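**Student:** This is the content of protein.txt (compact mmCIF, C-alpha atoms):
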# COMPACT_ATOMS: atom_id res chain seq x y z
CA MET A 1 117.16 134.95 105.30
CA ASN A 2 114.82 134.03 108.08
CA ASN A 3 111.95 134.74 105.72
CA ILE A 4 113.25 132.41 103.03
CA LEU A 5 113.53 129.61 105.58
CA LYS A 6 109.92 130.25 106.61
CA TYR A 7 108.72 129.89 103.03
CA ILE A 8 110.69 126.68 102.56
CA ILE A 9 109.08 125.22 105.68
CA ALA A 10 105.63 126.33 104.48
CA PHE A 11 106.30 124.76 101.07
CA VAL A 12 107.33 121.39 102.52
CA ALA A 13 104.51 121.37 105.07
CA LEU A 14 101.84 122.17 102.45
CA ILE A 15 103.12 119.50 100.04
CA VAL A 16 103.20 116.87 102.80
CA VAL A 17 99.72 117.80 104.05
CA GLN A 18 98.39 117.71 100.48
CA LEU A 19 99.88 114.31 99.66
CA LEU A 20 99.19 112.54 102.94
CA ILE A 21 95.83 113.98 103.92
CA PHE A 22 94.03 115.93 101.22
CA ASN A 23 94.81 113.58 98.34
CA ASN A 24 92.96 110.91 100.32
CA ILE A 25 89.88 113.07 100.92
CA GLU A 26 87.06 112.44 98.54
CA PHE A 27 83.32 112.94 98.92
CA SER A 28 81.47 111.10 96.14
CA GLY A 29 83.91 112.36 93.51
CA TYR A 30 82.92 116.00 93.74
CA VAL A 31 85.27 117.45 96.32
CA ASN A 32 89.02 117.31 95.80
CA PRO A 33 90.63 120.10 97.85
CA TYR A 34 94.09 121.16 96.68
CA VAL A 35 95.34 123.22 99.61
CA TYR A 36 98.94 123.29 98.40
CA VAL A 37 97.86 126.33 96.33
CA MET A 38 98.21 128.21 99.62
CA PHE A 39 101.94 128.42 98.89
CA ILE A 40 101.22 130.64 95.89
CA VAL A 41 98.69 132.60 97.96
CA ILE A 42 101.15 133.52 100.73
CA LEU A 43 104.23 134.46 98.69
CA PRO A 44 105.28 138.10 99.36
CA VAL A 45 103.43 140.83 97.50
CA SER A 46 106.66 142.26 96.09
CA ILE A 47 107.94 139.01 94.55
CA PRO A 48 109.06 139.54 90.92
CA SER A 49 106.51 138.02 88.58
CA TRP A 50 109.04 135.86 86.71
CA PHE A 51 110.17 134.33 90.01
CA LEU A 52 106.56 133.78 91.05
CA LEU A 53 105.96 131.88 87.81
CA ILE A 54 108.99 129.64 88.34
CA LEU A 55 108.02 128.88 91.95
CA SER A 56 104.46 128.11 90.83
CA PHE A 57 105.78 125.74 88.19
CA ILE A 58 108.00 123.93 90.69
CA THR A 59 105.12 123.59 93.18
CA GLY A 60 102.84 122.05 90.56
CA LEU A 61 105.60 119.79 89.29
CA VAL A 62 106.32 118.37 92.75
CA ILE A 63 102.63 117.53 93.24
CA ASP A 64 102.54 116.04 89.73
CA VAL A 65 105.51 113.77 90.37
CA PHE A 66 104.02 112.39 93.56
CA SER A 67 100.47 111.93 92.33
CA GLY A 68 101.39 110.63 88.87
CA THR A 69 99.62 113.31 86.86
CA MET A 70 102.46 114.64 84.74
CA GLY A 71 102.04 118.33 83.89
CA VAL A 72 98.40 118.78 84.95
CA HIS A 73 99.10 120.51 88.27
CA ALA A 74 102.08 122.41 86.83
CA PHE A 75 99.82 123.89 84.16
CA ALA A 76 97.23 124.99 86.70
CA THR A 77 99.73 126.49 89.18
CA VAL A 78 101.52 128.47 86.45
CA MET A 79 98.13 129.84 85.38
CA ALA A 80 97.37 130.81 88.99
CA GLY A 81 100.84 132.35 89.39
CA TYR A 82 100.40 134.40 86.23
CA MET A 83 97.02 135.74 87.35
CA ARG A 84 98.11 136.55 90.93
CA PRO A 85 99.59 140.05 90.34
CA TRP A 86 96.42 140.92 88.46
CA ILE A 87 94.18 139.71 91.31
CA LEU A 88 96.31 141.65 93.82
CA SER A 89 96.02 144.83 91.76
CA LEU A 90 92.23 144.50 91.73
CA ASN A 91 91.93 144.93 95.49
CA VAL A 92 95.29 146.13 96.60
CA THR A 93 94.23 148.87 99.07
CA ALA A 94 94.86 147.25 102.44
CA GLU A 95 97.92 145.38 101.29
CA THR A 96 100.12 148.25 100.07
CA ALA A 97 99.58 150.06 103.35
CA ALA A 98 101.23 147.15 105.17
CA GLY A 99 104.35 147.26 102.99
CA PRO A 100 105.26 145.27 99.90
CA ASP A 101 107.41 142.62 101.62
CA THR A 102 104.62 141.15 103.69
CA SER A 103 102.85 137.98 102.76
CA PRO A 104 99.12 138.31 102.05
CA SER A 105 97.21 137.27 105.15
CA SER A 106 93.92 137.88 106.90
CA GLN A 107 95.63 139.35 109.96
CA ILE A 108 97.17 142.23 108.05
CA SER A 109 94.48 142.96 105.52
CA GLY A 110 91.32 141.70 107.11
CA ILE A 111 89.51 138.44 106.56
CA ARG A 112 87.18 139.85 103.93
CA TRP A 113 90.02 141.03 101.72
CA PHE A 114 91.88 137.76 102.19
CA PHE A 115 88.78 135.74 101.34
CA VAL A 116 88.14 137.56 98.06
CA TYR A 117 91.79 137.29 97.07
CA THR A 118 92.07 133.58 97.99
CA VAL A 119 88.79 132.47 96.48
CA THR A 120 89.63 134.14 93.15
CA LEU A 121 93.09 132.57 92.98
CA VAL A 122 91.85 129.13 94.05
CA PHE A 123 89.00 129.27 91.54
CA ILE A 124 91.38 130.06 88.67
CA HIS A 125 93.65 127.21 89.76
CA HIS A 126 90.88 124.63 90.19
CA PHE A 127 89.09 125.68 87.00
CA THR A 128 92.28 125.23 84.95
CA LEU A 129 93.20 122.03 86.77
CA PHE A 130 89.91 120.16 86.39
CA TYR A 131 89.39 121.03 82.73
CA ILE A 132 93.01 120.29 81.80
CA GLU A 133 92.76 116.98 83.64
CA LEU A 134 89.67 116.10 81.62
CA PHE A 135 91.24 117.53 78.44
CA SER A 136 87.85 118.08 76.85
CA LEU A 137 84.61 119.96 77.40
CA ARG A 138 82.70 116.71 77.78
CA SER A 139 80.41 116.86 80.84
CA PHE A 140 81.09 120.59 81.21
CA PHE A 141 78.55 121.24 83.95
CA HIS A 142 79.48 118.23 86.01
CA THR A 143 83.09 119.42 86.01
CA MET A 144 81.98 122.97 86.86
CA LEU A 145 80.19 121.61 89.92
CA ARG A 146 83.39 119.83 90.97
CA VAL A 147 85.35 123.08 90.46
CA LEU A 148 82.95 125.11 92.59
CA LEU A 149 82.65 122.62 95.45
CA SER A 150 86.38 121.96 95.58
CA THR A 151 87.10 125.71 95.46
CA ALA A 152 84.84 126.20 98.47
CA PHE A 153 86.62 123.51 100.47
CA THR A 154 90.13 124.56 99.50
CA THR A 155 89.36 128.19 100.37
CA PHE A 156 87.93 127.15 103.71
CA PHE A 157 91.08 125.21 104.61
CA ILE A 158 93.44 127.94 103.40
CA ILE A 159 91.67 130.54 105.53
CA LEU A 160 91.72 128.14 108.47
CA PHE A 161 95.47 127.55 108.05
CA ASP A 162 96.00 131.29 107.67
CA VAL A 163 94.25 131.99 110.96
CA LEU A 164 96.32 129.29 112.68
CA ARG A 165 99.54 130.50 111.04
CA PRO A 166 102.35 131.20 113.51
CA ARG A 167 103.02 134.94 113.96
CA LYS A 168 106.32 136.55 114.68
CA MET B 169 118.23 144.82 67.86
CA ARG B 170 117.80 147.13 70.75
CA SER B 171 114.06 147.38 70.27
CA LEU B 172 113.90 143.59 70.15
CA LEU B 173 115.69 143.43 73.50
CA ASN B 174 113.35 146.05 74.87
CA PHE B 175 110.42 144.05 73.62
CA LEU B 176 111.69 140.87 75.28
CA LEU B 177 112.34 142.67 78.57
CA ARG B 178 108.94 144.26 78.52
CA TYR B 179 107.11 141.00 77.95
CA LYS B 180 109.45 138.70 79.87
CA THR B 181 106.70 137.56 82.23
CA LEU B 182 104.31 136.78 79.41
CA ILE B 183 107.03 134.93 77.48
CA LEU B 184 108.05 132.92 80.54
CA PHE B 185 104.38 132.17 81.20
CA ILE B 186 103.90 130.83 77.67
CA ILE B 187 107.09 128.75 77.85
CA LEU B 188 106.15 127.15 81.19
CA GLU B 189 102.60 126.37 80.06
CA ALA B 190 103.97 124.87 76.87
CA VAL B 191 106.33 122.65 78.88
CA ALA B 192 103.41 121.53 81.06
CA LEU B 193 101.26 120.82 78.00
CA VAL B 194 103.99 118.75 76.37
CA MET B 195 104.27 116.77 79.59
CA ILE B 196 100.51 116.21 79.72
CA THR B 197 100.18 115.08 76.12
CA SER B 198 103.22 112.84 76.20
CA SER B 199 102.02 111.23 79.42
CA HIS B 200 99.10 109.72 77.53
CA ASN B 201 101.43 106.96 76.44
CA TYR B 202 103.38 107.60 79.56
CA HIS B 203 104.76 104.14 80.17
CA GLN B 204 107.34 104.97 77.53
CA SER B 205 108.47 108.04 79.42
CA VAL B 206 111.71 107.35 81.22
CA ALA B 207 111.39 110.45 83.37
CA TYR B 208 108.07 109.27 84.62
CA ARG B 209 109.35 105.81 85.39
CA SER B 210 112.24 107.06 87.46
CA ALA B 211 109.94 109.50 89.22
CA ARG B 212 107.67 106.58 89.96
CA THR B 213 110.54 104.71 91.55
CA VAL B 214 111.17 107.66 93.88
CA SER B 215 107.52 108.24 94.74
CA GLY B 216 106.97 104.48 94.90
CA PHE B 217 109.60 104.35 97.62
CA PHE B 218 107.62 106.83 99.73
CA SER B 219 104.20 105.45 98.87
CA LYS B 220 105.30 102.03 100.02
CA ARG B 221 106.24 103.36 103.44
CA ILE B 222 103.06 105.39 103.76
CA GLU B 223 100.98 102.39 102.74
CA LYS B 224 102.73 100.21 105.32
CA GLY B 225 101.50 102.52 108.05
CA GLN B 226 97.98 102.77 106.66
CA SER B 227 97.64 99.01 106.16
CA TYR B 228 97.47 98.45 109.92
CA PHE B 229 94.13 100.17 110.04
CA ARG B 230 92.70 97.83 107.42
CA LEU B 231 93.84 94.53 108.92
CA ARG B 232 90.45 93.55 110.23
CA GLN B 233 88.78 94.06 106.90
CA VAL B 234 91.55 92.28 104.99
CA ASN B 235 91.17 89.33 107.33
CA GLN B 236 87.47 89.25 106.65
CA GLN B 237 88.16 89.26 102.92
CA LEU B 238 90.63 86.41 103.21
CA VAL B 239 88.21 84.33 105.26
CA THR B 240 85.50 84.81 102.66
CA GLU B 241 87.83 83.85 99.89
CA ASN B 242 89.14 80.84 101.80
CA LEU B 243 85.60 79.68 102.19
CA ALA B 244 84.92 80.00 98.49
CA LEU B 245 88.11 78.13 97.66
CA LYS B 246 87.31 75.37 100.13
CA ARG B 247 83.90 74.93 98.59
CA ARG B 248 85.46 74.68 95.19
CA LEU B 249 87.99 72.16 96.47
CA GLU B 250 85.14 70.08 97.81
CA GLU B 251 83.38 70.18 94.45
CA LEU B 252 86.49 69.15 92.58
CA SER B 253 87.52 66.34 94.89
CA SER B 254 84.02 64.86 94.88
CA VAL B 255 84.18 64.29 91.14
CA PRO B 256 85.83 60.89 90.63
CA GLY B 257 88.89 60.89 88.43
CA ASN B 258 89.00 64.65 88.29
CA GLY B 259 91.01 65.18 91.44
CA PHE B 260 94.19 67.12 91.88
CA THR B 261 96.18 66.08 88.87
CA GLN B 262 97.05 69.21 87.04
CA VAL B 263 95.64 69.16 83.58
CA VAL B 264 97.57 71.17 81.07
CA ASP B 265 94.70 71.72 78.76
CA SER B 266 96.19 72.36 75.37
CA VAL B 267 92.86 71.86 73.60
CA ALA B 268 91.02 74.64 75.36
CA GLY B 269 94.24 76.53 74.91
CA VAL B 270 93.89 79.06 77.70
CA ASN B 271 96.08 78.84 80.74
CA TYR B 272 96.33 81.58 83.27
CA THR B 273 98.89 82.03 86.00
CA TYR B 274 98.33 84.17 89.05
CA MET B 275 100.60 86.22 91.24
CA THR B 276 99.71 88.34 94.27
CA ALA B 277 100.73 91.95 94.71
CA ARG B 278 100.07 94.71 97.19
CA VAL B 279 98.50 98.01 96.24
CA ILE B 280 100.85 100.75 97.42
CA ASN B 281 99.24 103.74 95.75
CA ASN B 282 95.73 104.20 94.50
CA SER B 283 93.21 106.91 93.82
CA VAL B 284 89.52 107.14 92.97
CA ASN B 285 89.09 110.89 92.73
CA LYS B 286 90.64 111.67 89.36
CA GLN B 287 89.34 111.18 85.85
CA LYS B 288 92.27 108.94 85.01
CA ASN B 289 93.07 106.82 88.04
CA PHE B 290 96.09 104.54 88.24
CA ILE B 291 97.13 101.95 90.80
CA THR B 292 100.73 101.34 91.84
CA LEU B 293 101.68 97.76 92.77
CA ASP B 294 104.74 96.56 94.66
CA LYS B 295 105.81 94.01 92.02
CA GLY B 296 107.76 94.87 88.88
CA SER B 297 109.66 93.36 85.98
CA GLY B 298 112.07 91.80 88.48
CA GLN B 299 109.20 89.65 89.77
CA GLY B 300 107.90 88.82 86.30
CA VAL B 301 105.26 91.50 85.79
CA LYS B 302 104.69 92.40 82.15
CA ASN B 303 102.73 95.13 80.39
CA GLY B 304 99.19 94.07 79.60
CA MET B 305 98.71 91.70 82.52
CA GLY B 306 95.28 91.75 84.10
CA VAL B 307 94.76 92.89 87.69
CA ALA B 308 91.94 91.51 89.82
CA SER B 309 91.05 91.42 93.50
CA PRO B 310 89.10 88.66 95.29
CA GLU B 311 85.97 90.71 94.49
CA GLY B 312 86.59 91.16 90.78
CA VAL B 313 88.24 93.08 87.98
CA VAL B 314 90.57 95.92 88.98
CA GLY B 315 92.57 96.97 85.91
CA VAL B 316 95.38 96.31 83.47
CA VAL B 317 99.13 96.79 83.93
CA VAL B 318 100.34 99.63 81.69
CA GLY B 319 103.79 100.43 83.05
CA VAL B 320 106.51 98.37 84.68
CA SER B 321 109.72 99.38 86.41
CA ARG B 322 112.15 97.06 88.19
CA ASN B 323 110.26 96.75 91.45
CA TYR B 324 106.98 98.52 90.81
CA SER B 325 104.27 98.46 88.25
CA VAL B 326 101.40 100.79 87.43
CA ALA B 327 97.98 99.51 86.43
CA MET B 328 95.26 101.49 84.71
CA SER B 329 92.28 101.23 87.02
CA VAL B 330 88.74 100.44 85.84
CA LEU B 331 88.16 103.95 87.21
CA ASN B 332 90.00 105.51 84.29
CA THR B 333 88.05 107.09 81.48
CA ASP B 334 90.46 105.47 78.99
CA PHE B 335 89.73 101.97 80.29
CA LYS B 336 87.48 99.63 78.30
CA LEU B 337 86.64 96.03 79.13
CA SER B 338 84.75 93.44 77.16
CA ALA B 339 82.11 92.20 79.62
CA SER B 340 79.00 90.09 79.36
CA ILE B 341 75.79 89.46 81.26
CA ALA B 342 76.42 86.12 82.98
CA ARG B 343 72.82 84.91 82.62
CA ASN B 344 72.49 85.15 78.85
CA ASP B 345 76.05 85.80 77.59
CA TYR B 346 75.24 89.02 75.72
CA PHE B 347 78.42 91.05 75.70
CA GLY B 348 79.15 94.74 75.63
CA SER B 349 81.81 97.22 76.57
CA LEU B 350 82.29 98.21 80.20
CA ALA B 351 83.69 101.69 80.84
CA TRP B 352 83.68 104.35 83.55
CA ASP B 353 82.11 107.76 82.94
CA GLY B 354 84.31 109.56 85.47
CA ARG B 355 81.58 110.27 88.02
CA ASN B 356 80.77 107.94 90.91
CA TYR B 357 83.58 105.53 91.73
CA ARG B 358 81.10 102.76 92.60
CA ASN B 359 79.39 102.67 89.19
CA ALA B 360 80.40 101.96 85.60
CA GLN B 361 78.48 101.72 82.32
CA LEU B 362 77.94 98.65 80.17
CA SER B 363 77.16 99.80 76.63
CA GLU B 364 76.35 98.16 73.28
CA ILE B 365 73.71 95.80 74.68
CA PRO B 366 70.91 95.22 72.11
CA HIS B 367 67.37 96.35 72.98
CA HIS B 368 65.74 92.95 72.97
CA VAL B 369 67.94 91.47 75.68
CA SER B 370 66.00 90.87 78.86
CA ILE B 371 67.78 92.22 81.88
CA SER B 372 66.84 92.49 85.50
CA GLU B 373 68.25 94.24 88.51
CA GLY B 374 71.05 92.31 90.17
CA ASP B 375 72.20 90.43 87.06
CA THR B 376 75.88 89.58 87.30
CA ILE B 377 78.32 91.16 84.86
CA VAL B 378 81.46 89.12 84.19
CA THR B 379 84.45 89.39 81.87
CA SER B 380 83.74 87.90 78.47
CA GLY B 381 87.22 86.52 77.89
CA TYR B 382 87.34 88.04 74.42
CA SER B 383 90.32 90.22 75.22
CA ALA B 384 92.91 87.62 76.30
CA ILE B 385 93.72 89.69 79.38
CA PHE B 386 91.18 88.28 81.81
CA PRO B 387 89.85 84.73 81.95
CA PRO B 388 86.15 84.50 81.07
CA GLY B 389 83.68 84.61 83.96
CA LEU B 390 85.62 86.88 86.27
CA MET B 391 83.25 89.03 88.35
CA ALA B 392 82.99 92.69 87.34
CA GLY B 393 79.77 93.94 88.95
CA THR B 394 75.98 93.74 89.12
CA LEU B 395 73.29 95.62 87.24
CA THR B 396 71.57 98.35 89.23
CA GLY B 397 68.53 98.35 86.94
CA ASP B 398 69.14 101.85 85.59
CA GLN B 399 69.33 101.95 81.80
CA LYS B 400 69.64 104.51 79.06
CA ARG B 401 68.45 104.08 75.49
CA GLY B 402 70.61 105.54 72.79
CA GLY B 403 70.37 104.53 69.13
CA ASP B 404 70.19 100.80 68.67
CA PHE B 405 71.70 99.90 71.98
CA LEU B 406 71.13 100.06 75.70
CA THR B 407 73.60 101.47 78.19
CA LEU B 408 73.26 99.77 81.55
CA LYS B 409 74.46 101.08 84.87
CA VAL B 410 76.69 98.59 86.67
CA LYS B 411 77.58 98.61 90.35
CA LEU B 412 81.22 97.58 90.45
CA SER B 413 81.93 94.59 92.68
CA VAL B 414 85.29 95.99 93.73
CA ASP B 415 85.32 98.87 96.19
CA PHE B 416 88.36 100.74 94.89
CA LYS B 417 88.70 102.69 98.10
CA LYS B 418 89.45 99.52 100.04
CA LEU B 419 91.87 97.90 97.65
CA THR B 420 94.82 96.22 99.41
CA THR B 421 95.80 92.89 97.89
CA VAL B 422 95.34 92.05 94.22
CA TYR B 423 96.15 89.25 91.78
CA LEU B 424 98.12 89.71 88.61
CA ILE B 425 96.79 87.47 85.88
CA TYR B 426 98.99 86.30 83.05
CA ASN B 427 97.62 84.47 80.05
CA ILE B 428 100.32 82.03 78.98
CA SER B 429 98.99 81.53 75.49
CA ARG B 430 98.22 85.17 74.90
CA ASN B 431 101.01 85.79 72.39
CA GLU B 432 99.98 82.82 70.32
CA ARG B 433 96.36 83.89 70.34
CA GLU B 434 97.10 87.50 69.40
CA GLU B 435 99.47 86.39 66.66
CA VAL B 436 96.89 84.26 64.91
CA GLU B 437 94.23 86.95 65.33
CA ARG B 438 96.54 89.54 63.85
CA LYS B 439 97.49 87.29 60.97
CA VAL B 440 93.88 86.73 59.95
CA ILE B 441 92.92 90.38 60.27
CA ASN B 442 95.89 91.58 58.21
CA GLU B 443 95.14 89.31 55.31
Kindly present the structure from the file in structure tokens form.
**Tutor:**
Amino acid sequence: MNNILKYIIAFVALIVVQLLIFNNIEFSGYVNPYVYVMFIVILPVSIPSWFLLILSFITGLVIDVFSGTMGVHAFATVMAGYMRPWILSLNVTAETAAGPDTSPSSQISGIRWFFVYTVTLVFIHHFTLFYIELFSLRSFFHTMLRVLLSTAFTTFFIILFDVLRPRK
Amino acid sequence: MRSLLNFLLRYKTLILFIILEAVALVMITSSHNYHQSVAYRSARTVSGFFSKRIEKGQSYFRLRQVNQQLVTENLALKRRLEELSSVPGNGFTQVVDSVAGVNYTYMTARVINNSVNKQKNFITLDKGSGQGVKNGMGVASPEGVVGVVVGVSRNYSVAMSVLNTDFKLSASIARNDYFGSLAWDGRNYRNAQLSEIPHHVSISEGDTIVTSGYSAIFPPGLMAGTLTGDQKRGGDFLTLKVKLSVDFKKLTTVYLIYNISRNEREEVERKVINE
């Protein structure tokens, strides 16, 4: 119960931070960090995959409604949510030892593990998001540069937030 | 039957994934003519409510700059007033010029939501159909062209920004009246591209780009930007790089422009083209 409340608080906090701060950040059109993806990153390891997909969809939809980009974020978050179990299974070692109910974090599994996991998930999300937003392969390399730079920034902030995350 | 159930259970995640992505795709594609979407409009009303409050807080930090802008504009208006009143017999009587045929009315609005970092940027304004805003009205700031209204709710309206890859504007070089099409390539928010300019036209850095008035949305001669001097040759035409006069990151107050005789003009144009 306590756990569910924690996730709800995290969800609201990430959405607010995204809308009020990160949506206003912009360096010459290349860097658009979308840190709200952290919500999908920190959901418990044992979460059923269908539930993960629905939560991902809701997260994307909320961002879409408030930034006026109907469906674009929802598409990208569902893609990230679908890939997450697969990314976890690729480097699961440290995580399973800590128990399936824990939320992926650098404290439990080490910063290196958390970095690889986060950067992969964020890249999949940003890649889908930026190309779906464009809806064409026009200026492919320019968009790829935006994907890579934004992924770097988002990952940096997620790891920062993870380190600052309150512990029980 | 049983094997079908087993199949569905086995692939439930994949099926759910496909369904959710399909829903998202439908939303994306239908949002291209999104001002018809009722869901979007009501969502806008909700998010408009919050954006307005957020903007109120942020606007305090821009007061100094807004003041500066107003002073500059006041000065320009005063100068114009001086010019007009010095011409004998052409003072302050309002001339309803039915020969020239074009009459524009202006209305001010505040920008309550805006972005420059997407490929398709939109601007939310705090005036809606209740205040007389209609689809297709032009939006300009004291510095120049900003966009076109594409969606209206009761108290809010949404304008497609010049910084939207779907936006096209008929613009001309002020010095020699050659006109082309002004559009944004989705990269730097300070620059746009003026295409379809013939090779022989002489251009120089700093030339002013203004609206041509061919589209009935903006009056002719409204500032759009200046040439940076960069040009690209492609086929029979030049594509010129234009530095936009409006800094979209600092947008606060804008004008809505309504062309009174627009319907009449479009009707006659349509009639001739259809024949």
**Student:** Could you jot down the CA of Phe57 in chain A to CA of Ser150 in chain A separation for me, Å, one decimal place?
**Tutor:**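 Here the two named atoms are 21.1 Å from each other.
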**Student:** Separation of CA of Lys288 in chain B and CA of Leu331 in chain B, in Å?
**Tutor:** 6.8 Å
**Student:** Counting all atoms listed in the file, which residues from chain B have an atom at most 7 Å from any atom of chain A, and could you show them as an MDAnalysis selection string?
**Tutor:** chainID B and resid 181 184:185 189 192:193 195:196 199 211 215 285 287 355:356
**Student:** Of the candidates A:Ile158, A:Pro85, A:Val12, A:His126, which shows the shortest atom-to-atom distance to Ile47 in chain A, using all atoms listed in the file?
**Tutor:**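 Among the listed residues, A:Pro85 lies closest to Ile47 in chain A.
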**Student:** Which centre and which edge lengths, in Å to one decimal, describe the axis-aligned box that holds all listed atoms of range 31-40 of chain A after 5 Å is added on each side, as lines of an AutoDock Vina configuration file?
**Tutor:**
center_x = 93.6
center_y = 124.0
center_z = 97.7
size_x = 26.7
size_y = 23.3
size_z = 13.8
**Student:** Applying 12 Å and all atoms listed in the file, which residues near Val316 in chain B remain after dropping the ones on its own chain fewer than 2 positions away? List them as number ranges by chain.
**Tutor:** B: 289-293, 301-309, 313-314, 318-320, 325-332, 334-337, 383-386, 422-426
**Student:** Which neighbours of Ser103 in chain A fall inside 8 Å, counting all atoms listed in the file, when residues of the same chain fewer than 3 positions from it are skipped, and could you give them as a ChimeraX atom specification?
**Tutor:** /A:42-45
**Student:** Rank A:Leu88, A:Ile124, A:Ile58, A:Ile8 by their smallest atom-to-atom distance to Leu148 in chain A, using only C-alpha atoms, and report the top residue only.
**Tutor:** A:Ile124
**Student:** Ranking A:Ala10, A:Met83, A:Val37, A:Ile4 by minimum distance to Arg165 in chain A and counting only C-alpha atoms, which one comes first?
**Tutor:**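 Result for the nearest residue to Arg165 in chain A: A:Ala10.
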**Student:** In Å to one decimal, how far is CA of Leu5 in chain A from CA of Trp113 in chain A?
**Tutor:**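 Computing the Euclidean distance for CA of Trp113 in chain A and CA of Leu5 in chain A yields 26.4 Å.
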**Student:** Between A:Thr128, A:Phe153, A:Ile159, A:Gln18, which is the closest to Val116 in chain A once you count only C-alpha atoms?
**Tutor:**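 Among the listed residues, A:Ile159 lies closest to Val116 in chain A.
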**Student:** If I only have part of range 51-67 of chain A, can you fill in N, CA and C atoms and write it as a PDB file, in the coordinates of the input?
**Tutor:**
ATOM      1  N   PHE A  51     109.809 135.266  88.952  1.00  0.00           N
ATOM      2  CA  PHE A  51     110.170 134.330  90.010  1.00  0.00           C
ATOM      3  C   PHE A  51     108.934 133.613  90.535  1.00  0.00           C
ATOM      4  N   LEU A  52     107.835 134.362  90.627  1.00  0.00           N
ATOM      5  CA  LEU A  52     106.560 133.780  91.050  1.00  0.00           C
ATOM      6  C   LEU A  52     106.146 132.655  90.106  1.00  0.00           C
ATOM      7  N   LEU A  53     106.329 132.891  88.799  1.00  0.00           N
ATOM      8  CA  LEU A  53     105.960 131.880  87.810  1.00  0.00           C
ATOM      9  C   LEU A  53     106.787 130.614  87.983  1.00  0.00           C
ATOM     10  N   ILE A  54     108.115 130.806  88.205  1.00  0.00           N
ATOM     11  CA  ILE A  54     108.990 129.640  88.340  1.00  0.00           C
ATOM     12  C   ILE A  54     108.649 128.856  89.603  1.00  0.00           C
ATOM     13  N   LEU A  55     108.400 129.573  90.712  1.00  0.00           N
ATOM     14  CA  LEU A  55     108.020 128.880  91.950  1.00  0.00           C
ATOM     15  C   LEU A  55     106.698 128.137  91.775  1.00  0.00           C
ATOM     16  N   SER A  56     105.753 128.761  91.079  1.00  0.00           N
ATOM     17  CA  SER A  56     104.460 128.110  90.830  1.00  0.00           C
ATOM     18  C   SER A  56     104.668 126.819  90.053  1.00  0.00           C
ATOM     19  N   PHE A  57     105.524 126.915  89.031  1.00  0.00           N
ATOM     20  CA  PHE A  57     105.780 125.740  88.190  1.00  0.00           C
ATOM     21  C   PHE A  57     106.372 124.611  89.020  1.00  0.00           C
ATOM     22  N   ILE A  58     107.353 124.955  89.868  1.00  0.00           N
ATOM     23  CA  ILE A  58     108.000 123.930  90.690  1.00  0.00           C
ATOM     24  C   ILE A  58     106.979 123.289  91.643  1.00  0.00           C
ATOM     25  N   THR A  59     106.138 124.119  92.268  1.00  0.00           N
ATOM     26  CA  THR A  59     105.120 123.590  93.180  1.00  0.00           C
ATOM     27  C   THR A  59     104.232 122.568  92.474  1.00  0.00           C
ATOM     28  N   GLY A  60     103.719 122.952  91.305  1.00  0.00           N
ATOM     29  CA  GLY A  60     102.840 122.050  90.560  1.00  0.00           C
ATOM     30  C   GLY A  60     103.562 120.782  90.159  1.00  0.00           C
ATOM     31  N   LEU A  61     104.830 120.945  89.757  1.00  0.00           N
ATOM     32  CA  LEU A  61     105.600 119.790  89.290  1.00  0.00           C
ATOM     33  C   LEU A  61     105.814 118.778  90.404  1.00  0.00           C
ATOM     34  N   VAL A  62     106.105 119.279  91.613  1.00  0.00           N
ATOM     35  CA  VAL A  62     106.320 118.370  92.750  1.00  0.00           C
ATOM     36  C   VAL A  62     105.052 117.555  93.013  1.00  0.00           C
ATOM     37  N   ILE A  63     103.907 118.239  93.020  1.00  0.00           N
ATOM     38  CA  ILE A  63     102.630 117.530  93.240  1.00  0.00           C
ATOM     39  C   ILE A  63     102.411 116.523  92.112  1.00  0.00           C
ATOM     40  N   ASP A  64     102.714 116.922  90.878  1.00  0.00           N
ATOM     41  CA  ASP A  64     102.540 116.040  89.730  1.00  0.00           C
ATOM     42  C   ASP A  64     103.354 114.763  89.868  1.00  0.00           C
ATOM     43  N   VAL A  65     104.623 114.925  90.263  1.00  0.00           N
ATOM     44  CA  VAL A  65     105.510 113.770  90.370  1.00  0.00           C
ATOM     45  C   VAL A  65     104.961 112.780  91.392  1.00  0.00           C
ATOM     46  N   PHE A  66     104.450 113.301  92.506  1.00  0.00           N
ATOM     47  CA  PHE A  66     104.020 112.390  93.560  1.00  0.00           C
ATOM     48  C   PHE A  66     102.617 111.849  93.346  1.00  0.00           C
ATOM     49  N   SER A  67     101.800 112.519  92.540  1.00  0.00           N
ATOM     50  CA  SER A  67     100.470 111.930  92.330  1.00  0.00           C
ATOM     51  C   SER A  67     100.328 111.360  90.921  1.00  0.00           C
TER      52      SER A  67
END
